[in-house]
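Enquirer: Sharing input.pdb below, PDB, C-alpha atoms:
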```
ATOM      1  CA  MET I  14      26.254  28.738  49.339
ATOM      2  CA  SER I  15      28.134  31.756  50.746
ATOM      3  CA  HIS I  16      27.873  35.471  50.192
ATOM      4  CA  ASP I  17      31.291  35.217  48.510
ATOM      5  CA  ALA I  18      29.870  33.083  45.708
ATOM      6  CA  LEU I  19      27.052  35.550  45.030
ATOM      7  CA  GLY I  20      29.451  38.478  45.314
ATOM      8  CA  GLN I  21      31.816  36.934  42.784
ATOM      9  CA  GLN I  22      28.973  36.508  40.304
ATOM     10  CA  ILE I  23      27.772  40.098  40.771
ATOM     11  CA  ALA I  24      31.313  41.476  40.429
ATOM     12  CA  ARG I  25      31.805  39.470  37.237
ATOM     13  CA  TYR I  26      28.771  40.953  35.488
ATOM     14  CA  ALA I  27      28.809  44.423  37.090
ATOM     15  CA  ASP I  28      32.399  45.355  36.434
ATOM     16  CA  GLY I  29      32.026  49.085  37.101
ATOM     17  CA  ASP I  30      30.072  51.320  39.446
ATOM     18  CA  GLY I  31      26.416  51.638  38.596
ATOM     19  CA  ILE I  32      23.130  49.816  38.125
ATOM     20  CA  VAL I  33      23.140  47.000  35.558
ATOM     21  CA  ASP I  34      19.884  45.902  33.910
ATOM     22  CA  THR I  35      20.773  42.371  32.870
ATOM     23  CA  ALA I  36      19.631  40.152  30.006
ATOM     24  CA  ILE I  37      17.650  38.049  32.492
ATOM     25  CA  PRO I  38      14.186  39.601  32.888
ATOM     26  CA  ARG I  39      13.661  41.462  36.184
ATOM     27  CA  LEU I  40      17.244  40.872  37.394
ATOM     28  CA  THR I  41      19.307  43.967  38.198
ATOM     29  CA  LEU I  42      22.789  44.112  39.723
ATOM     30  CA  VAL I  43      24.354  47.025  41.595
ATOM     31  CA  ARG I  44      28.010  47.783  42.265
ATOM     32  CA  TRP I  45      29.268  50.834  44.170
ATOM     33  CA  SER I  46      32.862  51.395  45.286
ATOM     34  CA  HIS I  47      32.340  54.189  47.819
ATOM     35  CA  ALA I  48      29.971  55.161  50.580
ATOM     36  CA  ASP I  49      27.749  57.833  49.103
ATOM     37  CA  GLU I  50      25.215  60.542  49.702
ATOM     38  CA  PRO I  51      21.483  59.760  49.766
ATOM     39  CA  VAL I  52      19.882  58.852  46.431
ATOM     40  CA  HIS I  53      16.129  59.356  45.973
ATOM     41  CA  MET I  54      14.254  56.889  43.789
ATOM     42  CA  LEU I  55      10.965  55.068  43.275
ATOM     43  CA  GLN I  56      11.618  51.473  44.323
ATOM     44  CA  ARG I  57       9.493  48.862  42.576
ATOM     45  CA  PRO I  58       8.394  45.657  44.390
ATOM     46  CA  ALA I  59      11.577  43.630  44.656
ATOM     47  CA  LEU I  60      13.809  41.189  46.497
ATOM     48  CA  CYS I  61      17.200  42.721  47.338
ATOM     49  CA  ILE I  62      20.171  40.742  48.658
ATOM     50  CA  ILE I  63      23.433  42.467  49.573
ATOM     51  CA  ALA I  64      26.425  40.201  48.954
ATOM     52  CA  GLN I  65      28.978  42.731  50.203
ATOM     53  CA  GLY I  66      28.811  46.120  51.909
ATOM     54  CA  ALA I  67      25.861  47.788  53.623
ATOM     55  CA  LYS I  68      23.051  50.221  52.889
ATOM     56  CA  ARG I  69      20.545  52.405  54.693
ATOM     57  CA  VAL I  70      17.031  52.833  53.283
ATOM     58  CA  MET I  71      14.698  55.605  54.440
ATOM     59  CA  LEU I  72      10.957  55.412  53.835
ATOM     60  CA  GLY I  73       9.006  58.314  55.264
ATOM     61  CA  ASP I  74      10.032  58.509  58.912
ATOM     62  CA  SER I  75      11.337  54.937  59.099
ATOM     63  CA  VAL I  76      14.969  53.911  58.570
ATOM     64  CA  VAL I  77      16.155  50.384  57.727
ATOM     65  CA  ALA I  78      19.858  49.505  57.806
ATOM     66  CA  TYR I  79      20.901  46.184  56.321
ATOM     67  CA  GLY I  80      23.795  44.167  54.979
ATOM     68  CA  PRO I  81      24.615  40.580  54.005
ATOM     69  CA  ALA I  82      22.881  39.069  57.052
ATOM     70  CA  SER I  83      19.416  40.039  55.786
ATOM     71  CA  TYR I  84      17.358  40.378  52.644
ATOM     72  CA  LEU I  85      14.957  43.219  51.892
ATOM     73  CA  VAL I  86      11.527  42.842  50.304
ATOM     74  CA  THR I  87       9.322  45.661  49.020
ATOM     75  CA  SER I  88       5.729  44.944  48.026
ATOM     76  CA  LEU I  89       4.662  48.343  46.623
ATOM     77  CA  ASP I  90       6.172  51.138  44.542
ATOM     78  CA  LEU I  91       7.854  53.180  47.272
ATOM     79  CA  PRO I  92       9.566  56.595  47.056
ATOM     80  CA  ILE I  93      12.629  55.758  49.131
ATOM     81  CA  THR I  94      15.948  57.357  49.946
ATOM     82  CA  GLY I  95      18.858  54.905  49.791
ATOM     83  CA  MET I  96      22.453  55.404  50.855
ATOM     84  CA  VAL I  97      25.383  53.005  50.578
ATOM     85  CA  THR I  98      27.097  53.121  53.980
ATOM     86  CA  GLN I  99      29.858  50.544  53.549
ATOM     87  CA  ALA I 100      31.910  50.243  50.359
ATOM     88  CA  SER I 101      35.462  50.676  49.072
ATOM     89  CA  ASP I 102      37.528  50.073  45.941
ATOM     90  CA  ASP I 103      38.785  46.787  47.408
ATOM     91  CA  ALA I 104      35.399  45.707  48.763
ATOM     92  CA  PRO I 105      32.640  47.407  46.754
ATOM     93  CA  TYR I 106      28.976  47.317  47.638
ATOM     94  CA  LEU I 107      27.427  44.454  45.642
ATOM     95  CA  CYS I 108      23.667  43.894  45.466
ATOM     96  CA  PHE I 109      21.333  41.425  43.731
ATOM     97  CA  CYS I 110      17.881  42.825  42.957
ATOM     98  CA  LEU I 111      15.026  40.767  41.499
ATOM     99  CA  TYR I 112      11.863  42.704  40.677
ATOM    100  CA  LEU I 113       8.712  40.825  41.668
ATOM    101  CA  ASP I 114       6.186  39.955  38.979
ATOM    102  CA  PRO I 115       2.596  39.897  40.375
ATOM    103  CA  VAL I 116       1.379  37.618  37.572
ATOM    104  CA  LEU I 117       4.075  35.040  38.304
ATOM    105  CA  LEU I 118       3.429  35.315  42.046
ATOM    106  CA  SER I 119      -0.287  34.727  41.481
ATOM    107  CA  ASP I 120       0.467  31.645  39.398
ATOM    108  CA  ILE I 121       2.702  30.221  42.136
ATOM    109  CA  ALA I 122       0.229  31.085  44.905
ATOM    110  CA  ILE I 123      -2.382  28.791  43.340
ATOM    111  CA  SER I 124      -0.057  25.811  43.862
ATOM    112  CA  LEU I 125       0.905  26.621  47.452
ATOM    113  CA  PRO I 126      -0.979  25.434  50.529
ATOM    114  CA  PRO I 127      -2.970  28.205  52.202
ATOM    115  CA  ALA I 128      -0.992  30.295  54.644
ATOM    116  CA  ALA I 129      -2.209  31.492  58.011
ATOM    117  CA  PRO I 130      -3.619  35.033  57.796
ATOM    118  CA  VAL I 131      -1.123  37.734  58.733
ATOM    119  CA  ALA I 132      -1.601  41.411  59.425
ATOM    120  CA  GLU I 133      -0.340  43.480  56.512
ATOM    121  CA  GLY I 134       1.969  46.197  57.751
ATOM    122  CA  SER I 135       4.868  48.009  56.109
ATOM    123  CA  ALA I 136       5.460  47.403  52.404
ATOM    124  CA  LEU I 137       9.178  47.255  53.189
ATOM    125  CA  SER I 138      10.485  44.459  55.401
ATOM    126  CA  LEU I 139      13.793  42.904  56.409
ATOM    127  CA  HIS I 140      14.363  39.184  57.075
ATOM    128  CA  PRO I 141      17.345  36.923  57.903
ATOM    129  CA  ILE I 142      19.026  35.565  54.799
ATOM    130  CA  THR I 143      19.029  31.790  54.244
ATOM    131  CA  PRO I 144      21.556  29.546  52.448
ATOM    132  CA  GLU I 145      18.789  28.468  50.063
ATOM    133  CA  LEU I 146      18.067  32.049  48.949
ATOM    134  CA  LEU I 147      21.765  32.789  48.539
ATOM    135  CA  ASP I 148      22.265  29.642  46.487
ATOM    136  CA  ALA I 149      19.340  30.364  44.163
ATOM    137  CA  ALA I 150      20.368  34.021  43.718
ATOM    138  CA  SER I 151      23.923  32.955  42.871
ATOM    139  CA  ARG I 152      22.737  30.358  40.349
ATOM    140  CA  LEU I 153      20.403  32.859  38.688
ATOM    141  CA  THR I 154      23.206  35.444  38.390
ATOM    142  CA  ALA I 155      25.608  32.810  37.038
ATOM    143  CA  LEU I 156      23.237  32.209  34.120
ATOM    144  CA  LEU I 157      24.337  35.597  32.732
ATOM    145  CA  GLY I 158      27.374  33.643  31.539
ATOM    146  CA  ASP I 159      25.184  31.081  29.760
ATOM    147  CA  PRO I 160      23.131  33.014  27.176
ATOM    148  CA  ALA I 161      22.006  29.782  25.499
ATOM    149  CA  GLY I 162      20.746  28.148  28.685
ATOM    150  CA  ALA I 163      19.442  31.223  30.498
ATOM    151  CA  PRO I 164      16.081  31.511  28.660
ATOM    152  CA  LEU I 165      15.185  27.966  29.762
ATOM    153  CA  LEU I 166      16.783  27.844  33.210
ATOM    154  CA  ALA I 167      16.291  31.386  34.546
ATOM    155  CA  PRO I 168      12.463  31.059  34.837
ATOM    156  CA  ILE I 169      12.912  27.851  36.845
ATOM    157  CA  ILE I 170      15.331  29.443  39.312
ATOM    158  CA  GLU I 171      13.201  32.581  39.535
ATOM    159  CA  ARG I 172      10.203  30.433  40.513
ATOM    160  CA  GLU I 173      12.359  28.682  43.112
ATOM    161  CA  LEU I 174      13.319  32.050  44.612
ATOM    162  CA  LEU I 175       9.704  33.184  44.715
ATOM    163  CA  VAL I 176       8.502  29.935  46.289
ATOM    164  CA  ARG I 177      11.111  30.315  49.019
ATOM    165  CA  LEU I 178      10.022  33.908  49.609
ATOM    166  CA  MET I 179       6.343  32.980  49.729
ATOM    167  CA  THR I 180       6.881  30.077  52.143
ATOM    168  CA  GLY I 181       9.420  31.829  54.372
ATOM    169  CA  PRO I 182       9.213  34.683  56.903
ATOM    170  CA  SER I 183       8.510  37.155  54.084
ATOM    171  CA  GLY I 184       5.595  35.040  52.848
ATOM    172  CA  GLY I 185       2.875  37.368  54.068
ATOM    173  CA  ILE I 186       4.187  40.476  52.339
ATOM    174  CA  VAL I 187       5.013  38.592  49.114
ATOM    175  CA  ARG I 188       1.720  36.692  48.928
ATOM    176  CA  ALA I 189      -0.096  40.004  49.388
ATOM    177  CA  ILE I 190       1.344  41.181  46.052
ATOM    178  CA  ALA I 191      -0.389  38.260  44.352
ATOM    179  CA  ALA I 192      -3.744  38.842  46.054
ATOM    180  CA  GLY I 193      -5.491  41.709  44.293
ATOM    181  CA  GLU I 194      -8.068  42.117  47.062
ATOM    182  CA  SER I 195      -5.502  42.182  49.862
ATOM    183  CA  ARG I 196      -4.809  45.479  51.601
ATOM    184  CA  THR I 197      -1.571  45.603  49.619
ATOM    185  CA  GLY I 198      -3.508  45.129  46.381
ATOM    186  CA  GLN I 199      -5.974  47.851  47.327
ATOM    187  CA  ILE I 200      -3.188  50.303  48.192
ATOM    188  CA  ALA I 201      -1.379  49.306  44.975
ATOM    189  CA  ARG I 202      -4.407  50.419  42.926
ATOM    190  CA  ALA I 203      -4.306  53.839  44.549
ATOM    191  CA  ILE I 204      -0.547  54.097  44.056
ATOM    192  CA  GLY I 205      -0.941  53.165  40.388
ATOM    193  CA  TRP I 206      -3.375  56.056  39.970
ATOM    194  CA  LEU I 207      -1.081  58.456  41.833
ATOM    195  CA  LYS I 208       1.859  57.508  39.621
ATOM    196  CA  ALA I 209      -0.153  58.167  36.472
ATOM    197  CA  HIS I 210      -1.859  61.355  37.705
ATOM    198  CA  PHE I 211       0.508  62.912  40.263
ATOM    199  CA  ARG I 212       0.345  66.265  38.441
ATOM    200  CA  GLU I 213      -3.386  66.552  39.152
ATOM    201  CA  PRO I 214      -4.848  68.056  42.348
ATOM    202  CA  TYR I 215      -4.905  65.633  45.259
ATOM    203  CA  ASN I 216      -8.251  63.825  45.689
ATOM    204  CA  GLY I 217      -8.345  61.823  48.930
ATOM    205  CA  PRO I 218     -11.961  60.610  48.694
ATOM    206  CA  GLY I 219     -11.462  59.559  45.076
ATOM    207  CA  LEU I 220      -8.361  57.538  45.971
ATOM    208  CA  ALA I 221     -10.128  55.903  48.906
ATOM    209  CA  ASP I 222     -13.010  54.943  46.625
ATOM    210  CA  LEU I 223     -10.582  53.495  44.083
ATOM    211  CA  ALA I 224      -8.982  51.418  46.834
ATOM    212  CA  GLY I 225     -12.404  50.262  48.044
ATOM    213  CA  MET I 226     -12.029  51.729  51.536
ATOM    214  CA  SER I 227     -13.444  54.501  53.644
ATOM    215  CA  VAL I 228     -11.318  57.644  53.714
ATOM    216  CA  SER I 229     -10.154  57.027  57.297
ATOM    217  CA  SER I 230      -9.346  53.345  56.659
ATOM    218  CA  PHE I 231      -7.530  54.206  53.426
ATOM    219  CA  HIS I 232      -5.318  56.775  55.145
ATOM    220  CA  GLU I 233      -4.576  54.388  58.003
ATOM    221  CA  HIS I 234      -3.574  51.467  55.758
ATOM    222  CA  PHE I 235      -1.699  53.677  53.297
ATOM    223  CA  ARG I 236       0.416  55.180  56.071
ATOM    224  CA  ARG I 237       1.023  51.776  57.643
ATOM    225  CA  ALA I 238       2.278  50.408  54.306
ATOM    226  CA  THR I 239       4.320  53.384  53.083
ATOM    227  CA  ALA I 240       5.222  55.309  56.273
ATOM    228  CA  MET I 241       3.651  58.436  54.762
ATOM    229  CA  THR I 242       0.248  59.879  53.911
ATOM    230  CA  PRO I 243      -1.110  59.678  50.341
ATOM    231  CA  LEU I 244      -0.546  63.436  49.985
ATOM    232  CA  GLN I 245       3.078  63.099  51.111
ATOM    233  CA  TYR I 246       3.496  60.243  48.628
ATOM    234  CA  GLN I 247       2.156  62.422  45.814
ATOM    235  CA  LYS I 248       4.527  65.244  46.798
ATOM    236  CA  GLN I 249       7.503  62.888  46.653
ATOM    237  CA  LEU I 250       6.469  61.714  43.184
ATOM    238  CA  ARG I 251       6.178  65.340  42.038
ATOM    239  CA  LEU I 252       9.497  66.408  43.515
ATOM    240  CA  GLN I 253      11.422  63.408  42.178
ATOM    241  CA  ALA I 254       9.921  63.988  38.715
ATOM    242  CA  ALA I 255      10.855  67.686  38.861
ATOM    243  CA  ARG I 256      14.390  66.816  39.900
ATOM    244  CA  THR I 257      14.724  64.477  36.942
ATOM    245  CA  LEU I 258      13.395  67.177  34.568
ATOM    246  CA  MET I 259      15.896  69.721  35.839
ATOM    247  CA  LEU I 260      18.754  67.253  35.647
ATOM    248  CA  ALA I 261      17.982  65.551  32.338
ATOM    249  CA  ASP I 262      16.295  68.402  30.423
ATOM    250  CA  ARG I 263      18.013  71.293  32.244
ATOM    251  CA  LEU I 264      14.722  73.028  33.000
ATOM    252  CA  ASP I 265      14.747  75.846  35.513
ATOM    253  CA  ALA I 266      13.015  75.342  38.853
ATOM    254  CA  ALA I 267       9.904  77.365  38.016
ATOM    255  CA  GLU I 268       9.224  75.437  34.794
ATOM    256  CA  ALA I 269       9.950  72.041  36.376
ATOM    257  CA  GLY I 270       7.670  72.816  39.307
ATOM    258  CA  PHE I 271       4.877  73.923  37.000
ATOM    259  CA  ARG I 272       5.159  70.772  34.877
ATOM    260  CA  VAL I 273       4.740  68.474  37.879
ATOM    261  CA  GLY I 274       1.707  70.310  39.258
ATOM    262  CA  TYR I 275       2.927  73.213  41.393
ATOM    263  CA  ASP I 276       1.247  76.592  40.896
ATOM    264  CA  SER I 277       3.515  78.381  43.379
ATOM    265  CA  PRO I 278       7.291  78.527  42.699
ATOM    266  CA  SER I 279       7.935  79.422  46.339
ATOM    267  CA  GLN I 280       5.981  76.396  47.584
ATOM    268  CA  PHE I 281       7.844  74.171  45.126
ATOM    269  CA  SER I 282      11.220  75.498  46.261
ATOM    270  CA  ARG I 283      10.271  75.134  49.931
ATOM    271  CA  GLU I 284       9.096  71.527  49.581
ATOM    272  CA  TYR I 285      12.023  70.655  47.322
ATOM    273  CA  ARG I 286      14.477  71.882  49.932
ATOM    274  CA  ARG I 287      12.677  69.969  52.678
ATOM    275  CA  LEU I 288      13.022  66.685  50.766
ATOM    276  CA  PHE I 289      16.432  67.050  49.138
ATOM    277  CA  GLY I 290      18.201  69.236  51.695
ATOM    278  CA  ALA I 291      18.999  72.156  49.378
ATOM    279  CA  PRO I 292      17.096  74.569  47.103
ATOM    280  CA  PRO I 293      16.796  73.507  43.443
ATOM    281  CA  VAL I 294      19.642  75.624  42.004
ATOM    282  CA  ARG I 295      22.175  74.515  44.605
ATOM    283  CA  ASP I 296      21.041  70.893  44.413
ATOM    284  CA  MET I 297      21.411  70.840  40.621
ATOM    285  CA  GLY I 298      24.907  72.285  40.806
ATOM    286  CA  ARG I 299      25.924  69.562  43.241
ATOM    287  CA  LEU I 300      24.324  66.718  41.260
ATOM    288  CA  ARG I 301      25.842  67.804  37.943
ATOM    289  CA  ALA I 302      29.256  67.646  39.572
ATOM    290  CA  LEU I 303      28.531  64.065  40.663
ATOM    291  CA  PRO I 304      27.496  62.205  37.477
ATOM    292  CA  GLN I 305      27.485  58.763  39.079
ATOM    293  CA  VAL I 306      25.004  59.870  41.699
ATOM    294  CA  ALA I 307      22.904  61.665  39.098
ATOM    295  CA  MET I 308      22.665  58.532  36.985
ATOM    296  CA  ALA I 309      21.193  56.583  39.881
ATOM    297  CA  ILE I 310      18.302  58.958  40.571
TER     298      ILE I 310
END
```
Output the file's structure in the form of C-alpha cells.

Expert:
Amino acid sequence: MSHDALGQQIARYADGDGIVDTAIPRLTLVRWSHADEPVHMLQRPALCIIAQGAKRVMLGDSVVAYGPASYLVTSLDLPITGMVTQASDDAPYLCFCLYLDPVLLSDIAISLPPAAPVAEGSALSLHPITPELLDAASRLTALLGDPAGAPLLAPIIERELLVRLMTGPSGGIVRAIAAGESRTGQIARAIGWLKAHFREPYNGPGLADLAGMSVSSFHEHFRRATAMTPLQYQKQLRLQAARTLMLADRLDAAEAGFRVGYDSPSQFSREYRRLFGAPPVRDMGRLRALPQVAMAI
C-alpha cells in the first residue's frame, strides 16, 4: 500500500483545512494547505503517519522533522510545538493520527511473547514507515465511508495497527504505555497529577513520591522522557491554558495569568513571551487575525 492510497482516504474525509475528529474512536485526520507558524498543543499518546507534506515537532530543546518516510509515536501527554513545513493548495499536508488506548494496549500485551528489555528514553520517537502500517492505516480510514461496517471492523484493524507497533521498532515505547510500573507508567502518573493540578504550587518531592522514585531519579527520568524538567512542564501547561483563556474567553493577561496560578503579572508576561515569542497582547492580536491557527491550539 502506498502513501497515495492513505492520502486519498484522508483527503476524502478531511475536505478542508483543520483537524477532523472522526466517527471512528481515537482516529483523527489533519489537512493543512499551507506551511504555517508554530502551534502549541498538548499531544496525547498517539501514532501519527504523514501521507503527504512534512512537519517539525519541538519538545523542550529537541526538534524532530518528519514526513512520509517515517511514523511518529508519543507515549506520554507532551506539551509540544508543531509546525507544518511542507504544504500547498495542490499538495496539502495530510496526516493520520490514532490516539493510543492504554487499556487496549494492555489487553494486546498479554497475548504477545515477551520482548527483550529496552531502555526507556524519550516519549517521542520516529521510526521508518512500513507497507503494513500504511495498509492498515488506509483500511481504517476507508471505513469512514462504511458507517454500517465500521463498528465491527474498525476495532479489528486498530488491534492490527497496535500489534504491528508493539512488535516493531517502536515496540519498547508502545509496550511501556501498557505497563503501569514501567518508567513511562510512573512518569505518566506524575503527568496526570500535573495536568489536574497545574495551578497549584510546584511540589517536586510530592511528584517524585507519586511516581515511586527518589527526587533525583524522578527528575532524571522525567527529563529523559519529556526533554524538560517537571517545573518546565508545569509552566507550559499553565501558559497554554492561559493562552486558551485569553483567546476563547477574551480575558486580559493579568486575569488569565492569575487563573492558571501566577501571582506576578510581570513574571507571567515574561514567561509567556519566552514560550510564545511575543507578549500576551501582541500574541492575541496576531492569533485573532489567524482563525485557522487559533482553532488548532

Enquirer: Can I get the residues of region 243-266 of chain I within 10 Å of region 217-236 of chain I, each with the closest pair of atoms and their distance in Å to one decimal, using all atoms listed in the file, sorted chain first then ascending number, as a tab-separated table?

Expert:
```
residue	atom	partner	partner_atom	distance
I:Pro243	CA	I:Phe235	CA	6.7
I:Leu244	CA	I:Gly217	CA	8.0
I:Gln245	CA	I:Arg236	CA	9.7
I:Tyr246	CA	I:Arg236	CA	9.5
```

Enquirer: Per residue of region 38-92 of chain I within 12 Å of region 255-276 of chain I, what are the shortest atom pair and its distance in Å to one decimal, counting all atoms listed in the file, with rows by chain and residue number, as a Markdown table?

Expert:
```
| residue | atom | partner | partner_atom | distance |
| --- | --- | --- | --- | --- |
| I:Val52 | CA | I:Arg256 | CA | 11.7 |
| I:His53 | CA | I:Arg256 | CA | 9.8 |
| I:Met54 | CA | I:Thr257 | CA | 10.2 |
| I:Leu55 | CA | I:Thr257 | CA | 11.9 |
```

Enquirer: Of the candidates I:Ala150, I:Leu125, I:Ser119, I:Ala136, which shows the shortest atom-to-atom distance to Gly20 (chain I), using only C-alpha atoms?

Expert: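 That would be I:Ala150, the residue with the smallest distance to Gly20 (chain I).
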
Enquirer: Starting from the point (7.5, 67.2, 50.5), work out which residues of protein, DNA or RNA have an atom no more than 6 Å away when counting all atoms listed in the file; state them as a PyMOL selection string.

Expert: chain I and resi 248-249+284+288

Enquirer: Report as JSON, numbers by chain the residues that result from applying the PyMOL selection byres ((chain I and resi 106) around 10) to the structure here.

Expert: {"I": [20, 24, 30, 43, 44, 45, 46, 47, 48, 63, 64, 65, 66, 67, 68, 80, 97, 98, 99, 100, 101, 102, 103, 104, 105, 107, 108]}

Enquirer: Give the answer as one residue: which of I:Ala254, I:Val77, I:Leu300, I:Cys110 has the shortest atom-to-atom distance to Val33 (chain I), using only C-alpha atoms?

Expert: I:Cys110

Enquirer: Carefully work through the PyMOL selection byres ((chain I and resi 84) around 9) for this structure and note down the residues it includes, as a PyMOL selection string.

Expert: chain I and resi 60-63+79-83+85-86+138-143

Enquirer: So that I can see what lies close to region 175-192 of chain I, please list as a ChimeraX atom specification the residues with an atom at most 10 Å from it, counting only C-alpha atoms and leaving out residues fewer than 3 positions away in the same chain.

Expert: /I:58-60,84-89,111,113-126,128-141,143,145-146,149,170-172,195-199,201

Enquirer: Check the smallest atom-to-atom distance from each of I:Val294, I:Leu174, I:Ile200, I:Leu147 to Thr239 (chain I) using only C-alpha atoms, then report the winner.

Expert: I:Ile200

Enquirer: Around all the atoms of region 146-152 of chain I listed in the file, with 3 Å of room on each side, what axis-aligned box do you get, giving centre and edge lengths in Å to one decimal, as JSON?

Expert:
```
{"center_x": 21.0, "center_y": 31.8, "center_z": 44.6, "size_x": 11.9, "size_y": 10.4, "size_z": 14.6}
```

Enquirer: Have a look at I:Ala203, I:Ala238, I:Leu72, I:Leu42 and name the one nearest to Leu157 (chain I); count all atoms listed in the file.

Expert: I:Leu42

Enquirer: With only C-alpha atoms as the atoms that count, which of I:Asp17, I:Val76, I:Leu250, I:Pro160 lies nearest to Gln56 (chain I)?

Expert: I:Leu250

Enquirer: Work out how far CA of Thr35 (chain I) is from CA of Ala155 (chain I), in Å to one decimal.

Expert: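 Calculated distance between CA of Ala155 (chain I) and CA of Thr35 (chain I) is 11.5 Å.
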
Enquirer: Under the rule that only C-alpha atoms are counted, which of I:Pro127, I:Pro51, I:Pro38, I:Pro168 is the nearest residue to Phe289 (chain I)?

Expert: I:Pro51

Enquirer: Name every residue that the PyMOL selection byres ((chain I and resi 73) around 7) selects in this structure, writing the answer as JSON, numbers by chain with chains first and numbers rising.

Expert: {"I": [71, 72, 74, 75, 240, 241]}

Enquirer: Write out as a list of chain:residue names the residues lying within 10 Å of Ala36 (chain I), counting only C-alpha atoms and excluding same-chain residues fewer than 4 positions away.

Expert: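 Counting only C-alpha atoms, the residues come to I:Leu40, I:Thr41, I:Leu156, I:Leu157, I:Pro160, I:Ala163, I:Pro164.
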
Enquirer: Take the selection from the previous step and output its residues with C-alpha atoms, as a PDB file, in the frame of the given file.

Expert:
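What ended up in out34.pdb:
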```
ATOM      1  CA  LEU I  40      17.244  40.872  37.394  1.00  0.00           C
ATOM      2  CA  THR I  41      19.307  43.967  38.198  1.00  0.00           C
ATOM      3  CA  LEU I 156      23.237  32.209  34.120  1.00  0.00           C
ATOM      4  CA  LEU I 157      24.337  35.597  32.732  1.00  0.00           C
ATOM      5  CA  PRO I 160      23.131  33.014  27.176  1.00  0.00           C
ATOM      6  CA  ALA I 163      19.442  31.223  30.498  1.00  0.00           C
ATOM      7  CA  PRO I 164      16.081  31.511  28.660  1.00  0.00           C
TER       8      PRO I 164
END
```
